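Note sheet for the following structure.
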Amino acid sequence: MQRNVGPVTSALTEGSSVVAPGIVLPDATAALPASYRVDLQRSLILADREARLNAGEVFRGRKGVILHSTFLALSDDLFGYSGTVFKTTYQGKEEVYGVIAAHVINRNKLEIRFVHKTFNARVYAEGKMITIPAEIVQVGAPGMLDVALVKFRAEDEDLFKPLPLSMQEVSDGDKVRRQGFVRGKVVYMPGRPLCENSEMMFASKVTGSQHGRPGFCGGAVINEQNELVGIHVGSQASFVTDDIGLAIHAKFLQVLVEAYHNGGEAFYPFKLGGQTILSMRPDEYISDIVLRDAEKKRITTYRSVDKTTYQDIEKELTTSSVRYIEFTVRRVNWKAVHHEEILEDHKHTLIHKNLVTYVYDLQEQKIISQSKYTKVKEGLLNWLQSAK
C-alpha cells in the first residue's frame, strides 16, 4: 500500500535551499520555479535514502539471531517474501507455526507475483540456506487480518528457533525491532518507536524508501523481551519523514491457530470507538464503511478499507454526529487456477454469496439490521459478467 503521509514541500521553506536534514539545494536553484525545486527535492531525498540503504546503515543483518526465526517464502518473482516462525500453546501442547502476510498469496489479475498454497521455503540451517516444503493451512483476509498460517513438516521444525508469541499488545512509547527479507537478503531494523496504535494494527517508523523494501511483508516485529508482538503487512510512504510500517498485532495469530484446529471456525472482536461492533472470522474483511447521523443520512463513506489502523474513523466518531455505522463484510475464498489453489483477488470481487451488510447503532450499542446476499444480487452479478 502506498499513501503519502506528508507533503513533500513541508521541508522546503521560501527563500531557503535546505530541503531535508543533511540535504541542501545549490544556490543556483533559487531562481527555478517552485515545482522544479520540489521535483529536485524529491529526487535528492530518494537518492539520499537509497545511498544509506545500499551502504548498510539502515538494514543490518544478524544471521545468528534472525535467520533461525525467519524464512523466505518463494514466489513466482525473483526474490520471494518474508516469513516468521513462532511457537504457541494450544490445549496445553506447544506447537510451531510459520506466518506470512496474506496479501502475498492474493492473486491479482495484473500481477503474476504470488505464493501458492503449497510452496517452497528457504531456511537457514547448518550454516547455509536450504529449501524445504511448506503449506498454508489457514488464511486471514488480505483486506483485514492480513496474515496466513503456515505448517512445515514435523522433521523440519527443529531447523528453527521460533519466537515466543506475545499476547500483550505493544504500548505507546515502546520500541520494537523488525526483521525479515528484502530482495531475498536478511534485514534488521532496531529501535523503531511506535507512532500509532489501535485494536487491530500498530505502526512504527521504518527507514529507507518503500521501493527499497520489496519482500519485507511477513517479517517479524519484536519487543525488547524478544517476543513476537506483530507481523509487518505494509507501509505508508513519505518523501520527507521516515516511512510508517504497519503491523498486525501478534495476538491475532492465536485466532488463526484456533481456526486451524476447528475447521476454520474461530472469531475475534472488531472494535470501533471502544465498542465491539462484530465478532469476525479470520477470513472475513470489511470492504465498505458508511457513517450516518441520527436521521440515517450519510456523513462519510470509506471504501476498500484496507491496511488501516482505523484512526481516521475513530477520530470521526468522536468529532462528528455519527449515530449509525453501516459496514459490509465479505469472505475470501480459494479458487482453482491451473490445478492449483489460489486465493481470489478480494479487491476485484464485485458481488458474491459471502456478503452481509450490517447496521450498528452506537447509542444502543448493538446491530439493528443485517442484509444478506440475495438472488437479486446474484442476477445483477450475472448481468455484469455477461456484459463484459
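Each chain of the C-alpha cells is named A, B, ... in the order shown, its residues numbered from 1; ligands are numbered from 1 in display order.
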What residues in stretch 99-247 of chain A get the DSSP label strand (DSSP E or B)? Please answer as a ChimeraX atom specification.
-> /A:99-100,106,108,111,118-125,128-139,148-152,163-165,175-182,185-197,201-206,220-222,228-236,243-247
Check which residues of stretch 109-172 of chain A sit at most 10 Å from stretch 225-230 of chain A using only C-alpha atoms, and return one row each with the closest pair of atoms and their distance in Å to one decimal, ordered by chain and rising number, as JSON lines.
{"residue": "A:Pro162", "atom": "CA", "partner": "A:Leu228", "partner_atom": "CA", "distance": 9.4}
{"residue": "A:Leu163", "atom": "CA", "partner": "A:Leu228", "partner_atom": "CA", "distance": 5.9}
{"residue": "A:Pro164", "atom": "CA", "partner": "A:Glu227", "partner_atom": "CA", "distance": 5.2}
{"residue": "A:Leu165", "atom": "CA", "partner": "A:Leu228", "partner_atom": "CA", "distance": 5.1}
{"residue": "A:Ser166", "atom": "CA", "partner": "A:Val229", "partner_atom": "CA", "distance": 5.5}
{"residue": "A:Met167", "atom": "CA", "partner": "A:Val229", "partner_atom": "CA", "distance": 7.6}
{"residue": "A:Gln168", "atom": "CA", "partner": "A:Val229", "partner_atom": "CA", "distance": 7.5}
{"residue": "A:Glu169", "atom": "CA", "partner": "A:Val229", "partner_atom": "CA", "distance": 6.8}
{"residue": "A:Val170", "atom": "CA", "partner": "A:Val229", "partner_atom": "CA", "distance": 6.9}
Any idea what's packed within 9 Å of A:Pro214, counting only C-alpha atoms, ignoring anything in its chain fewer than 3 positions away? Could you give it as a PyMOL selection string?
-> chain A and resi 79-81+181-184+210-211+217
Take the selection from the previous step and output its residues with N, CA, C and O atoms, as a PDB file, in the first residue's frame.
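again-v5.pdb, freshly written:
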ATOM      1  N   PHE A  79      12.545 -12.872  -5.878  1.00  0.00           N
ATOM      2  CA  PHE A  79      13.029 -12.702  -4.526  1.00  0.00           C
ATOM      3  C   PHE A  79      12.210 -13.446  -3.463  1.00  0.00           C
ATOM      4  O   PHE A  79      12.765 -14.020  -2.544  1.00  0.00           O
ATOM      5  N   GLY A  80      10.903 -13.444  -3.539  1.00  0.00           N
ATOM      6  CA  GLY A  80      10.081 -14.052  -2.514  1.00  0.00           C
ATOM      7  C   GLY A  80       9.700 -13.062  -1.425  1.00  0.00           C
ATOM      8  O   GLY A  80       9.950 -11.857  -1.534  1.00  0.00           O
ATOM      9  N   TYR A  81       9.090 -13.595  -0.354  1.00  0.00           N
ATOM     10  CA  TYR A  81       8.558 -12.750   0.716  1.00  0.00           C
ATOM     11  C   TYR A  81       8.984 -13.282   2.077  1.00  0.00           C
ATOM     12  O   TYR A  81       9.296 -14.454   2.250  1.00  0.00           O
ATOM     13  N   PHE A 181      13.168 -10.303   5.195  1.00  0.00           N
ATOM     14  CA  PHE A 181      13.962 -10.346   3.978  1.00  0.00           C
ATOM     15  C   PHE A 181      13.579  -9.186   3.062  1.00  0.00           C
ATOM     16  O   PHE A 181      12.401  -8.852   2.927  1.00  0.00           O
ATOM     17  N   VAL A 182      14.575  -8.589   2.447  1.00  0.00           N
ATOM     18  CA  VAL A 182      14.376  -7.586   1.405  1.00  0.00           C
ATOM     19  C   VAL A 182      15.197  -8.008   0.199  1.00  0.00           C
ATOM     20  O   VAL A 182      16.409  -8.225   0.317  1.00  0.00           O
ATOM     21  N   ARG A 183      14.519  -8.176  -0.923  1.00  0.00           N
ATOM     22  CA  ARG A 183      15.173  -8.653  -2.141  1.00  0.00           C
ATOM     23  C   ARG A 183      15.935  -9.955  -1.881  1.00  0.00           C
ATOM     24  O   ARG A 183      17.013 -10.196  -2.417  1.00  0.00           O
ATOM     25  N   GLY A 184      15.361 -10.802  -1.026  1.00  0.00           N
ATOM     26  CA  GLY A 184      15.958 -12.097  -0.745  1.00  0.00           C
ATOM     27  C   GLY A 184      17.092 -12.077   0.248  1.00  0.00           C
ATOM     28  O   GLY A 184      17.673 -13.124   0.547  1.00  0.00           O
ATOM     29  N   GLN A 210      10.232   3.041   0.408  1.00  0.00           N
ATOM     30  CA  GLN A 210       9.317   1.910   0.267  1.00  0.00           C
ATOM     31  C   GLN A 210       9.723   1.016  -0.894  1.00  0.00           C
ATOM     32  O   GLN A 210       9.606  -0.207  -0.821  1.00  0.00           O
ATOM     33  N   HIS A 211      10.231   1.628  -1.975  1.00  0.00           N
ATOM     34  CA  HIS A 211      10.632   0.849  -3.143  1.00  0.00           C
ATOM     35  C   HIS A 211      11.886   0.032  -2.858  1.00  0.00           C
ATOM     36  O   HIS A 211      12.227  -0.864  -3.626  1.00  0.00           O
ATOM     37  N   CYS A 217       7.113  -7.676   3.754  1.00  0.00           N
ATOM     38  CA  CYS A 217       5.838  -8.057   4.367  1.00  0.00           C
ATOM     39  C   CYS A 217       5.894  -9.515   4.827  1.00  0.00           C
ATOM     40  O   CYS A 217       6.347 -10.393   4.096  1.00  0.00           O
TER      41      CYS A 217
END
Considering only C-alpha atoms, return as a compact mmCIF listing (two decimals) with N, CA and C atoms, in the first residue's frame whatever protein or nucleic-acid residues lie within 8 Å of A:Val255, sequence-local ones (same chain, fewer than 6 positions apart) excluded.
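Output saved as around_5.txt:
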# COMPACT_ATOMS: atom_id res chain seq x y z
N ALA A 266 -13.34 -19.77 14.15
CA ALA A 266 -12.73 -19.00 15.24
C ALA A 266 -13.14 -17.56 15.03
N PHE A 267 -13.16 -16.78 16.09
CA PHE A 267 -13.65 -15.41 15.99
C PHE A 267 -12.80 -14.46 16.83
N TYR A 268 -12.76 -13.21 16.37
CA TYR A 268 -12.10 -12.16 17.14
C TYR A 268 -12.99 -10.92 17.10
N PRO A 282 -11.42 -15.03 10.88
CA PRO A 282 -10.17 -14.51 10.33
C PRO A 282 -10.18 -14.32 8.82
Within 8 Å of A:Lys205, counting only C-alpha atoms, which residues show up once you throw out same-chain ones fewer than 5 positions away? Write them as a list in words, please.
->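 After dropping sequence-adjacent residues, the list is Arg192, Pro193, Leu194, Cys195, Asp242, Asp243, Ile244 and Gly245 of chain A.
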Find the spatial neighbours of stretch 359-363 of chain A, counting only C-alpha atoms, within a cut-off of 8 Å - ignore same-chain residues fewer than 2 positions away - and output them as a ChimeraX atom specification.
-> /A:277,322-327,357,365-370
Name all residues at most 9 Å from A:Thr131 (count only C-alpha atoms; drop same-chain ones fewer than 2 positions away) and give them as a ChimeraX atom specification.
-> /A:120-124,129,133
Just to be explicit: take each residue in the selection above, keep N, CA and C atoms, and write the result as a PDB file, in the first residue's frame.
ATOM      1  N   ASN A 120       7.649 -23.599  -1.581  1.00  0.00           N
ATOM      2  CA  ASN A 120       8.957 -23.897  -1.013  1.00  0.00           C
ATOM      3  C   ASN A 120       9.428 -22.723  -0.171  1.00  0.00           C
ATOM      4  N   ALA A 121      10.062 -23.044   0.946  1.00  0.00           N
ATOM      5  CA  ALA A 121      10.600 -22.021   1.838  1.00  0.00           C
ATOM      6  C   ALA A 121      12.109 -22.191   1.948  1.00  0.00           C
ATOM      7  N   ARG A 122      12.818 -21.080   1.952  1.00  0.00           N
ATOM      8  CA  ARG A 122      14.262 -21.088   2.154  1.00  0.00           C
ATOM      9  C   ARG A 122      14.525 -20.811   3.625  1.00  0.00           C
ATOM     10  N   VAL A 123      15.291 -21.697   4.264  1.00  0.00           N
ATOM     11  CA  VAL A 123      15.571 -21.557   5.691  1.00  0.00           C
ATOM     12  C   VAL A 123      17.075 -21.692   5.920  1.00  0.00           C
ATOM     13  N   TYR A 124      17.515 -21.180   7.066  1.00  0.00           N
ATOM     14  CA  TYR A 124      18.932 -21.205   7.412  1.00  0.00           C
ATOM     15  C   TYR A 124      19.206 -22.422   8.289  1.00  0.00           C
ATOM     16  N   MET A 129      21.689 -21.733   3.466  1.00  0.00           N
ATOM     17  CA  MET A 129      20.268 -21.687   3.167  1.00  0.00           C
ATOM     18  C   MET A 129      19.876 -22.961   2.434  1.00  0.00           C
ATOM     19  N   PRO A 133       9.691 -27.882   2.015  1.00  0.00           N
ATOM     20  CA  PRO A 133       8.293 -27.653   1.632  1.00  0.00           C
ATOM     21  C   PRO A 133       7.509 -27.013   2.768  1.00  0.00           C
TER      22      PRO A 133
END
How far is it from atom CA of A:Leu145 to atom CA of A:Thr70, in Å with one decimal?
->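 Atom CA of A:Thr70 lies at a distance of 20.3 Å from atom CA of A:Leu145.
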DSSP alpha helix (DSSP H) residues within stretch 206-292 of chain A, as a CSV table (one decimal) with C-alpha atoms, in the first residue's frame:
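This went into selection-v6.csv:
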chain,number,residue,atom,x,y,z
A,253,LEU,CA,-2.1,-15.4,15.3
A,254,GLN,CA,-3.8,-17.3,18.1
A,255,VAL,CA,-7.1,-16.9,16.3
A,256,LEU,CA,-5.6,-18.5,13.2
A,257,VAL,CA,-4.3,-21.4,15.3
A,258,GLU,CA,-7.7,-21.9,16.8
A,259,ALA,CA,-9.3,-21.8,13.3
A,260,TYR,CA,-6.8,-24.3,12.0
A,261,HIS,CA,-7.8,-26.8,14.7
Using atom CA of A:Ser371 and atom CA of A:Val147 as the two end points, give the distance in Å to one decimal.
->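 Between atom CA of A:Ser371 and atom CA of A:Val147 the gap works out to 27.7 Å.
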Nearest to A:Pro142 by atom-to-atom distance, counting only C-alpha atoms, from A:Pro269, A:Gly219, A:Gly234, A:Gly173 =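 Counting only C-alpha atoms, the residue closest to A:Pro142 is A:Gly234.
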